[in-house]
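Structure file protein-v5.pdb with PDB, C-alpha atoms:
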```pdb
ATOM      1  CA  MET A 178      13.109 -11.802  29.082  1.00  0.00           C
ATOM      2  CA  PRO A 179      11.184  -8.992  27.425  1.00  0.00           C
ATOM      3  CA  ASN A 180       8.440 -10.096  25.135  1.00  0.00           C
ATOM      4  CA  GLU A 181       8.268  -6.926  23.086  1.00  0.00           C
ATOM      5  CA  LEU A 182       7.715  -6.981  19.366  1.00  0.00           C
ATOM      6  CA  ALA A 183       9.597  -4.541  17.217  1.00  0.00           C
ATOM      7  CA  PRO A 184       7.288  -2.045  15.559  1.00  0.00           C
ATOM      8  CA  LEU A 185       6.311  -3.083  12.072  1.00  0.00           C
ATOM      9  CA  GLU A 186       7.528  -0.854   9.314  1.00  0.00           C
ATOM     10  CA  ALA A 187       5.587  -0.398   6.114  1.00  0.00           C
ATOM     11  CA  LEU A 188       7.421  -1.739   3.093  1.00  0.00           C
ATOM     12  CA  PRO A 189       6.740  -0.621  -0.451  1.00  0.00           C
ATOM     13  CA  ASP A 190       4.349  -2.814  -2.375  1.00  0.00           C
ATOM     14  CA  GLY A 191       6.339  -4.582  -5.065  1.00  0.00           C
ATOM     15  CA  GLN A 192       9.711  -6.200  -5.515  1.00  0.00           C
ATOM     16  CA  LEU A 193      13.317  -5.196  -4.934  1.00  0.00           C
ATOM     17  CA  VAL A 194      15.104  -4.216  -8.147  1.00  0.00           C
ATOM     18  CA  ALA A 195      17.969  -6.548  -7.190  1.00  0.00           C
ATOM     19  CA  GLU A 196      15.536  -9.495  -7.078  1.00  0.00           C
ATOM     20  CA  VAL A 197      14.094  -8.545 -10.468  1.00  0.00           C
ATOM     21  CA  LEU A 198      17.603  -8.332 -11.965  1.00  0.00           C
ATOM     22  CA  GLU A 199      18.456 -11.763 -10.653  1.00  0.00           C
ATOM     23  CA  SER A 200      15.255 -13.302 -12.022  1.00  0.00           C
ATOM     24  CA  LEU A 201      15.759 -11.649 -15.434  1.00  0.00           C
ATOM     25  CA  GLY A 202      19.460 -12.443 -15.596  1.00  0.00           C
ATOM     26  CA  ILE A 203      20.449  -8.927 -16.650  1.00  0.00           C
ATOM     27  CA  SER A 204      23.081  -6.596 -15.274  1.00  0.00           C
ATOM     28  CA  LYS A 205      22.302  -3.618 -13.062  1.00  0.00           C
ATOM     29  CA  SER A 206      23.439  -1.170 -15.759  1.00  0.00           C
ATOM     30  CA  THR A 207      21.260  -2.852 -18.375  1.00  0.00           C
ATOM     31  CA  ALA A 208      18.255  -2.834 -16.043  1.00  0.00           C
ATOM     32  CA  TYR A 209      18.619   0.871 -15.289  1.00  0.00           C
ATOM     33  CA  LYS A 210      19.068   1.582 -18.995  1.00  0.00           C
ATOM     34  CA  TYR A 211      15.804  -0.258 -19.677  1.00  0.00           C
ATOM     35  CA  LEU A 212      14.069   1.542 -16.791  1.00  0.00           C
ATOM     36  CA  GLY A 213      15.186   4.863 -18.262  1.00  0.00           C
ATOM     37  CA  GLU A 214      13.883   3.909 -21.698  1.00  0.00           C
ATOM     38  CA  LEU A 215      10.572   2.933 -20.085  1.00  0.00           C
ATOM     39  CA  GLN A 216      10.615   6.160 -18.044  1.00  0.00           C
ATOM     40  CA  ILE A 217      10.260   4.232 -14.801  1.00  0.00           C
ATOM     41  CA  LYS A 218      11.883   5.614 -11.674  1.00  0.00           C
ATOM     42  CA  PRO A 219      12.161   3.002  -8.929  1.00  0.00           C
ATOM     43  CA  GLN A 220      10.817   3.896  -5.507  1.00  0.00           C
ATOM     44  CA  THR A 221      13.485   3.928  -2.787  1.00  0.00           C
ATOM     45  CA  HIS A 222      13.086   2.720   0.760  1.00  0.00           C
ATOM     46  CA  ARG A 223      16.031   2.456   3.160  1.00  0.00           C
ATOM     47  CA  ALA A 224      18.527   2.881   0.306  1.00  0.00           C
ATOM     48  CA  LYS A 225      16.988   0.004  -1.673  1.00  0.00           C
ATOM     49  CA  ALA A 226      15.197   0.380  -4.989  1.00  0.00           C
ATOM     50  CA  TRP A 227      11.731  -1.098  -5.419  1.00  0.00           C
ATOM     51  CA  LEU A 228       9.429  -1.609  -8.394  1.00  0.00           C
ATOM     52  CA  SER A 229       5.665  -2.000  -8.263  1.00  0.00           C
ATOM     53  CA  GLY A 230       4.098  -5.182  -9.607  1.00  0.00           C
ATOM     54  CA  ASP A 231       3.038  -3.414 -12.814  1.00  0.00           C
ATOM     55  CA  GLU A 232       6.554  -2.011 -13.281  1.00  0.00           C
ATOM     56  CA  VAL A 233       8.066  -5.483 -12.789  1.00  0.00           C
ATOM     57  CA  GLU A 234       5.730  -6.922 -15.446  1.00  0.00           C
ATOM     58  CA  LEU A 235       6.537  -4.080 -17.845  1.00  0.00           C
ATOM     59  CA  LEU A 236      10.300  -4.396 -17.289  1.00  0.00           C
ATOM     60  CA  THR A 237      10.124  -8.176 -17.701  1.00  0.00           C
ATOM     61  CA  ALA A 238       8.261  -7.921 -21.022  1.00  0.00           C
ATOM     62  CA  TYR A 239      10.556  -5.138 -22.237  1.00  0.00           C
ATOM     63  CA  ALA A 240      13.719  -7.083 -21.314  1.00  0.00           C
ATOM     64  CA  ARG A 241      12.379 -10.137 -23.140  1.00  0.00           C
ATOM     65  CA  HIS A 242      11.802  -8.072 -26.301  1.00  0.00           C
ATOM     66  CA  ARG A 243      15.179  -6.349 -26.059  1.00  0.00           C
ATOM     67  CA  GLY A 244      16.798  -9.756 -25.525  1.00  0.00           C
ATOM     68  CA  ALA A 245      15.205 -10.816 -28.807  1.00  0.00           C
ATOM     69  CA  ARG A 246      17.315  -8.088 -30.470  1.00  0.00           C
ATOM     70  CA  LEU A 247      14.487  -5.594 -30.964  1.00  0.00           C
ATOM     71  CA  SER A 248      15.428  -1.907 -30.973  1.00  0.00           C
ATOM     72  CA  ALA A 249      14.303   0.247 -28.057  1.00  0.00           C
ATOM     73  CA  ALA A 250      11.531   1.789 -30.162  1.00  0.00           C
ATOM     74  CA  GLU A 251      10.292  -1.630 -31.320  1.00  0.00           C
ATOM     75  CA  ALA A 252      10.384  -3.038 -27.790  1.00  0.00           C
ATOM     76  CA  LEU A 253       8.537   0.012 -26.429  1.00  0.00           C
ATOM     77  CA  ALA A 254       5.843  -0.482 -29.056  1.00  0.00           C
ATOM     78  CA  ALA A 255       5.623  -4.185 -28.194  1.00  0.00           C
ATOM     79  CA  VAL A 256       4.958  -3.453 -24.497  1.00  0.00           C
ATOM     80  CA  GLY A 257       2.371  -0.780 -25.204  1.00  0.00           C
ATOM     81  CA  ARG A 258       4.569   2.268 -24.762  1.00  0.00           C
ATOM     82  CA  GLY A 259       5.079   2.651 -28.467  1.00  0.00           C
ATOM     83  CA  THR A 260       6.161   5.596 -30.474  1.00  0.00           C
ATOM     84  CA  LEU A 261       3.887   8.410 -31.443  1.00  0.00           C
ATOM     85  CA  VAL A 262       1.090   7.708 -33.919  1.00  0.00           C
ATOM     86  CA  VAL A 263      -0.979  10.603 -35.302  1.00  0.00           C
ATOM     87  CA  SER A 264      -3.641  10.612 -38.001  1.00  0.00           C
ATOM     88  CA  ARG A 265      -0.939   9.368 -40.396  1.00  0.00           C
ATOM     89  CA  PRO A 266       2.128   7.569 -39.013  1.00  0.00           C
ATOM     90  CA  ALA A 267       5.166   9.875 -38.747  1.00  0.00           C
ATOM     91  CA  ALA A 268       7.122   7.531 -41.020  1.00  0.00           C
ATOM     92  CA  ALA A 269       4.491   8.099 -43.737  1.00  0.00           C
ATOM     93  CA  VAL A 270       4.902  11.888 -43.597  1.00  0.00           C
ATOM     94  CA  PRO A 271       7.053  12.723 -46.585  1.00  0.00           C
ATOM     95  CA  GLU A 272       9.796  15.304 -46.313  1.00  0.00           C
ATOM     96  CA  PRO A 273       9.198  18.513 -48.226  1.00  0.00           C
ATOM     97  CA  SER A 274      10.682  18.149 -51.678  1.00  0.00           C
ATOM     98  CA  GLU A 275      13.446  20.393 -52.961  1.00  0.00           C
ATOM     99  CA  ALA A 276      11.802  20.451 -56.393  1.00  0.00           C
ATOM    100  CA  SER A 277      10.648  23.743 -57.830  1.00  0.00           C
ATOM    101  CA  ALA A 278       7.253  24.872 -56.656  1.00  0.00           C
ATOM    102  CA  ASP A 279       6.015  26.130 -60.021  1.00  0.00           C
ATOM    103  CA  SER A 280       2.620  24.533 -59.882  1.00  0.00           C
ATOM    104  CA  ALA A 281      -0.152  25.161 -57.379  1.00  0.00           C
ATOM    105  CA  ASP A 282      -0.388  21.400 -56.786  1.00  0.00           C
ATOM    106  CA  ASP A 283       3.211  21.265 -55.530  1.00  0.00           C
ATOM    107  CA  ASP A 284       2.563  24.221 -53.209  1.00  0.00           C
ATOM    108  CA  ARG A 285      -0.609  22.663 -51.864  1.00  0.00           C
ATOM    109  CA  GLU A 286       1.153  19.328 -51.295  1.00  0.00           C
ATOM    110  CA  GLN A 287       4.010  21.038 -49.449  1.00  0.00           C
ATOM    111  CA  LEU A 288       1.537  22.933 -47.251  1.00  0.00           C
ATOM    112  CA  GLU A 289      -0.292  19.704 -46.430  1.00  0.00           C
ATOM    113  CA  THR A 290       3.014  18.055 -45.561  1.00  0.00           C
ATOM    114  CA  LEU A 291       3.979  20.996 -43.362  1.00  0.00           C
ATOM    115  CA  ALA A 292       0.585  20.893 -41.620  1.00  0.00           C
ATOM    116  CA  LEU A 293       1.032  17.175 -40.891  1.00  0.00           C
ATOM    117  CA  GLN A 294       4.562  17.765 -39.579  1.00  0.00           C
ATOM    118  CA  LEU A 295       3.352  20.567 -37.294  1.00  0.00           C
ATOM    119  CA  GLN A 296       0.458  18.422 -36.067  1.00  0.00           C
ATOM    120  CA  ALA A 297       2.808  15.523 -35.346  1.00  0.00           C
ATOM    121  CA  LEU A 298       5.334  17.853 -33.665  1.00  0.00           C
ATOM    122  CA  GLY A 299       2.647  19.348 -31.412  1.00  0.00           C
ATOM    123  CA  ALA A 300       1.349  15.901 -30.468  1.00  0.00           C
ATOM    124  CA  ALA A 301       4.871  14.607 -29.766  1.00  0.00           C
ATOM    125  CA  VAL A 302       5.579  17.539 -27.452  1.00  0.00           C
ATOM    126  CA  GLU A 303       2.190  17.315 -25.731  1.00  0.00           C
ATOM    127  CA  LEU A 304       2.274  13.547 -25.175  1.00  0.00           C
ATOM    128  CA  GLY A 305       5.997  13.211 -24.485  1.00  0.00           C
ATOM    129  CA  ALA A 306       5.924  10.063 -26.599  1.00  0.00           C
ATOM    130  CA  PRO A 307       9.263   8.376 -27.328  1.00  0.00           C
ATOM    131  CA  LEU A 308      10.447   8.835 -30.916  1.00  0.00           C
ATOM    132  CA  THR A 309      13.128   7.315 -33.101  1.00  0.00           C
ATOM    133  CA  THR A 310      16.031   9.408 -34.431  1.00  0.00           C
ATOM    134  CA  ARG A 311      14.436   9.335 -37.892  1.00  0.00           C
ATOM    135  CA  GLN A 312      11.130  10.628 -36.526  1.00  0.00           C
ATOM    136  CA  VAL A 313      12.914  13.451 -34.675  1.00  0.00           C
ATOM    137  CA  ARG A 314      14.753  14.329 -37.888  1.00  0.00           C
ATOM    138  CA  LEU A 315      11.455  14.444 -39.790  1.00  0.00           C
ATOM    139  CA  LEU A 316       9.756  16.604 -37.159  1.00  0.00           C
ATOM    140  CA  LEU A 317      12.590  19.035 -36.418  1.00  0.00           C
ATOM    141  CA  GLY A 318      14.009  19.131 -39.922  1.00  0.00           C
ATOM    142  CA  ALA A 319      17.520  18.223 -38.781  1.00  0.00           C
ATOM    143  CA  ARG A 320      19.200  15.104 -37.431  1.00  0.00           C
ATOM    144  CA  PRO A 321      19.910  15.453 -33.706  1.00  0.00           C
ATOM    145  CA  GLY A 322      23.648  15.338 -33.071  1.00  0.00           C
ATOM    146  CA  GLY A 323      24.063  15.373 -29.289  1.00  0.00           C
ATOM    147  CA  ASP A 324      22.219  14.188 -26.191  1.00  0.00           C
ATOM    148  CA  ARG A 325      20.120  17.376 -26.224  1.00  0.00           C
ATOM    149  CA  VAL A 326      19.204  19.414 -29.276  1.00  0.00           C
ATOM    150  CA  THR A 327      17.088  22.579 -29.309  1.00  0.00           C
ATOM    151  CA  ARG A 328      15.508  23.932 -32.454  1.00  0.00           C
ATOM    152  CA  ALA A 329      12.685  26.452 -32.813  1.00  0.00           C
ATOM    153  CA  GLY A 330      11.872  26.277 -29.099  1.00  0.00           C
ATOM    154  CA  ILE A 331      11.607  22.469 -29.067  1.00  0.00           C
ATOM    155  CA  GLU A 332      14.147  20.370 -27.196  1.00  0.00           C
ATOM    156  CA  ALA A 333      14.916  16.791 -28.230  1.00  0.00           C
ATOM    157  CA  ARG A 334      16.401  14.799 -25.333  1.00  0.00           C
ATOM    158  CA  LYS A 335      18.058  11.434 -25.934  1.00  0.00           C
ATOM    159  CA  LEU A 336      16.626   8.637 -23.771  1.00  0.00           C
ATOM    160  CA  GLY A 337      18.655   5.787 -25.221  1.00  0.00           C
ATOM    161  CA  TYR A 338      19.977   4.394 -28.460  1.00  0.00           C
ATOM    162  CA  ASN A 339      17.661   5.596 -31.249  1.00  0.00           C
ATOM    163  CA  LEU A 340      15.156   6.867 -28.667  1.00  0.00           C
ATOM    164  CA  TRP A 341      14.254  10.526 -28.113  1.00  0.00           C
ATOM    165  CA  GLN A 342      11.660  12.634 -26.341  1.00  0.00           C
ATOM    166  CA  LEU A 343      10.533  16.097 -27.393  1.00  0.00           C
ATOM    167  CA  SER A 344       9.511  18.922 -25.052  1.00  0.00           C
ATOM    168  CA  ARG A 345       9.242  22.686 -25.073  1.00  0.00           C
ATOM    169  CA  ALA A 346      12.626  24.247 -24.411  1.00  0.00           C
ATOM    170  CA  LYS A 347      12.951  25.980 -21.037  1.00  0.00           C
ATOM    171  CA  GLY A 348      11.922  29.619 -21.251  1.00  0.00           C
ATOM    172  CA  LYS A 349       9.801  29.062 -24.375  1.00  0.00           C
ATOM    173  CA  GLY A 350       6.197  29.125 -24.235  1.00  0.00           C
TER     174      GLY A 350
END
```

Can you turn what I pasted into structure tokens?
Amino acid sequence: MPNELAPLEALPDGQLVAEVLESLGISKSTAYKYLGELQIKPQTHRAKAWLSGDEVELLTAYARHRGARLSAAEALAAVGRGTLVVSRPAAAVPEPSEASADSADDDREQLETLALQLQALGAAVELGAPLTTRQVRLLLGARPGGDRVTRAGIEARKLGYNLWQLSRAKGKG
């Protein structure tokens, strides 16, 4: 009777996604939707998906917040992966008014608004921070209509319901 031990194989540090799903009581499709919103890509080993301990904690907290009927953007903010915040919150950046620009004060105000929008747009692209549809509309000047929208060399890619990410469009520089 041979007394040989099978060689030990290194396993990823963490937990199987299937085990996490069972403990959270959520479906596989819901879990992968949440992982996409969190921008987490599970590690694979022998055709099984694994999450690190930190990823399990993040997914657990996020699922709890989403289960409490928070939107994706609100849940992301609650777990520390919130939406973009610049010197003034994007929601506080007013849209340029359609009113006549007869006075110098109106022109100056519109230029300040434009400068804030450009600053926020640059930061959103640089950081890759998740944004709401409203924030994308404010930054790009148009409501995104499909899963991917390109305007002025900036691409808005839909991550989930009411959740977008901005990046430079391919070939733009």

Next item on the list: Find the distance between atom CA of A:Gly191 and atom CA of A:Gly305 and write it in Å to one decimal.
Entry: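 Those two atoms sit 26.3 Å apart.
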
Next item on the list: Between atom CA of A:Ser248 and atom CA of A:Leu343, measure the distance and give it in Å to one decimal.
Entry: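 These two atoms are separated by 19.0 Å.
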
Could you spell out the hits of the PyMOL selection byres ((chain A and resi 327) around 12) on the shown file, as a CSV table (one decimal) with C-alpha atoms, in the frame of the given file?
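The file below, expr_28.csv, is the result:
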```
chain,number,residue,atom,x,y,z
A,313,VAL,CA,12.9,13.5,-34.7
A,317,LEU,CA,12.6,19.0,-36.4
A,318,GLY,CA,14.0,19.1,-39.9
A,319,ALA,CA,17.5,18.2,-38.8
A,320,ARG,CA,19.2,15.1,-37.4
A,321,PRO,CA,19.9,15.5,-33.7
A,322,GLY,CA,23.6,15.3,-33.1
A,323,GLY,CA,24.1,15.4,-29.3
A,324,ASP,CA,22.2,14.2,-26.2
A,325,ARG,CA,20.1,17.4,-26.2
A,326,VAL,CA,19.2,19.4,-29.3
A,328,ARG,CA,15.5,23.9,-32.5
A,329,ALA,CA,12.7,26.5,-32.8
A,330,GLY,CA,11.9,26.3,-29.1
A,331,ILE,CA,11.6,22.5,-29.1
A,332,GLU,CA,14.1,20.4,-27.2
A,333,ALA,CA,14.9,16.8,-28.2
A,334,ARG,CA,16.4,14.8,-25.3
A,335,LYS,CA,18.1,11.4,-25.9
A,342,GLN,CA,11.7,12.6,-26.3
A,343,LEU,CA,10.5,16.1,-27.4
A,344,SER,CA,9.5,18.9,-25.1
A,345,ARG,CA,9.2,22.7,-25.1
A,346,ALA,CA,12.6,24.2,-24.4
A,347,LYS,CA,13.0,26.0,-21.0
A,348,GLY,CA,11.9,29.6,-21.3
A,349,LYS,CA,9.8,29.1,-24.4
```

Item checked: Long-range neighbours of A:Ala250 as a PyMOL selection string, 10 Å cut-off, all atoms listed in the file, 3 positions minimum in chain -> chain A and resi 214+243+247+253-255+258-260+307-310+337-341

Check: Can you list, as JSON, numbers by chain, the residues that the PyMOL selection byres ((chain A and resi 232) around 12) selects here?
Finding: {"A": [190, 191, 192, 193, 194, 197, 211, 212, 215, 216, 217, 218, 219, 220, 227, 228, 229, 230, 231, 233, 234, 235, 236, 237, 238, 239, 240, 256]}

What are the centre and edge lengths in Å, to one decimal, of the axis-aligned box around all listed atoms of stretch 336-345 of chain A with 5 Å added on each side, as AutoDock Vina command-line options?
```
--center_x 14.6 --center_y 13.5 --center_z -27.5 --size_x 20.7 --size_y 28.3 --size_z 17.5
```

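Here the question is which of A:Leu288, A:Leu298, A:Ala226, A:Thr221 gets nearest to A:Leu198 using all atoms listed in the file, and that residue is A:Ala226.
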
Checklist line | One-decimal distance in Å that lies between atom CA of A:Leu315 and atom CA of A:Thr290 | finding: 10.8 Å
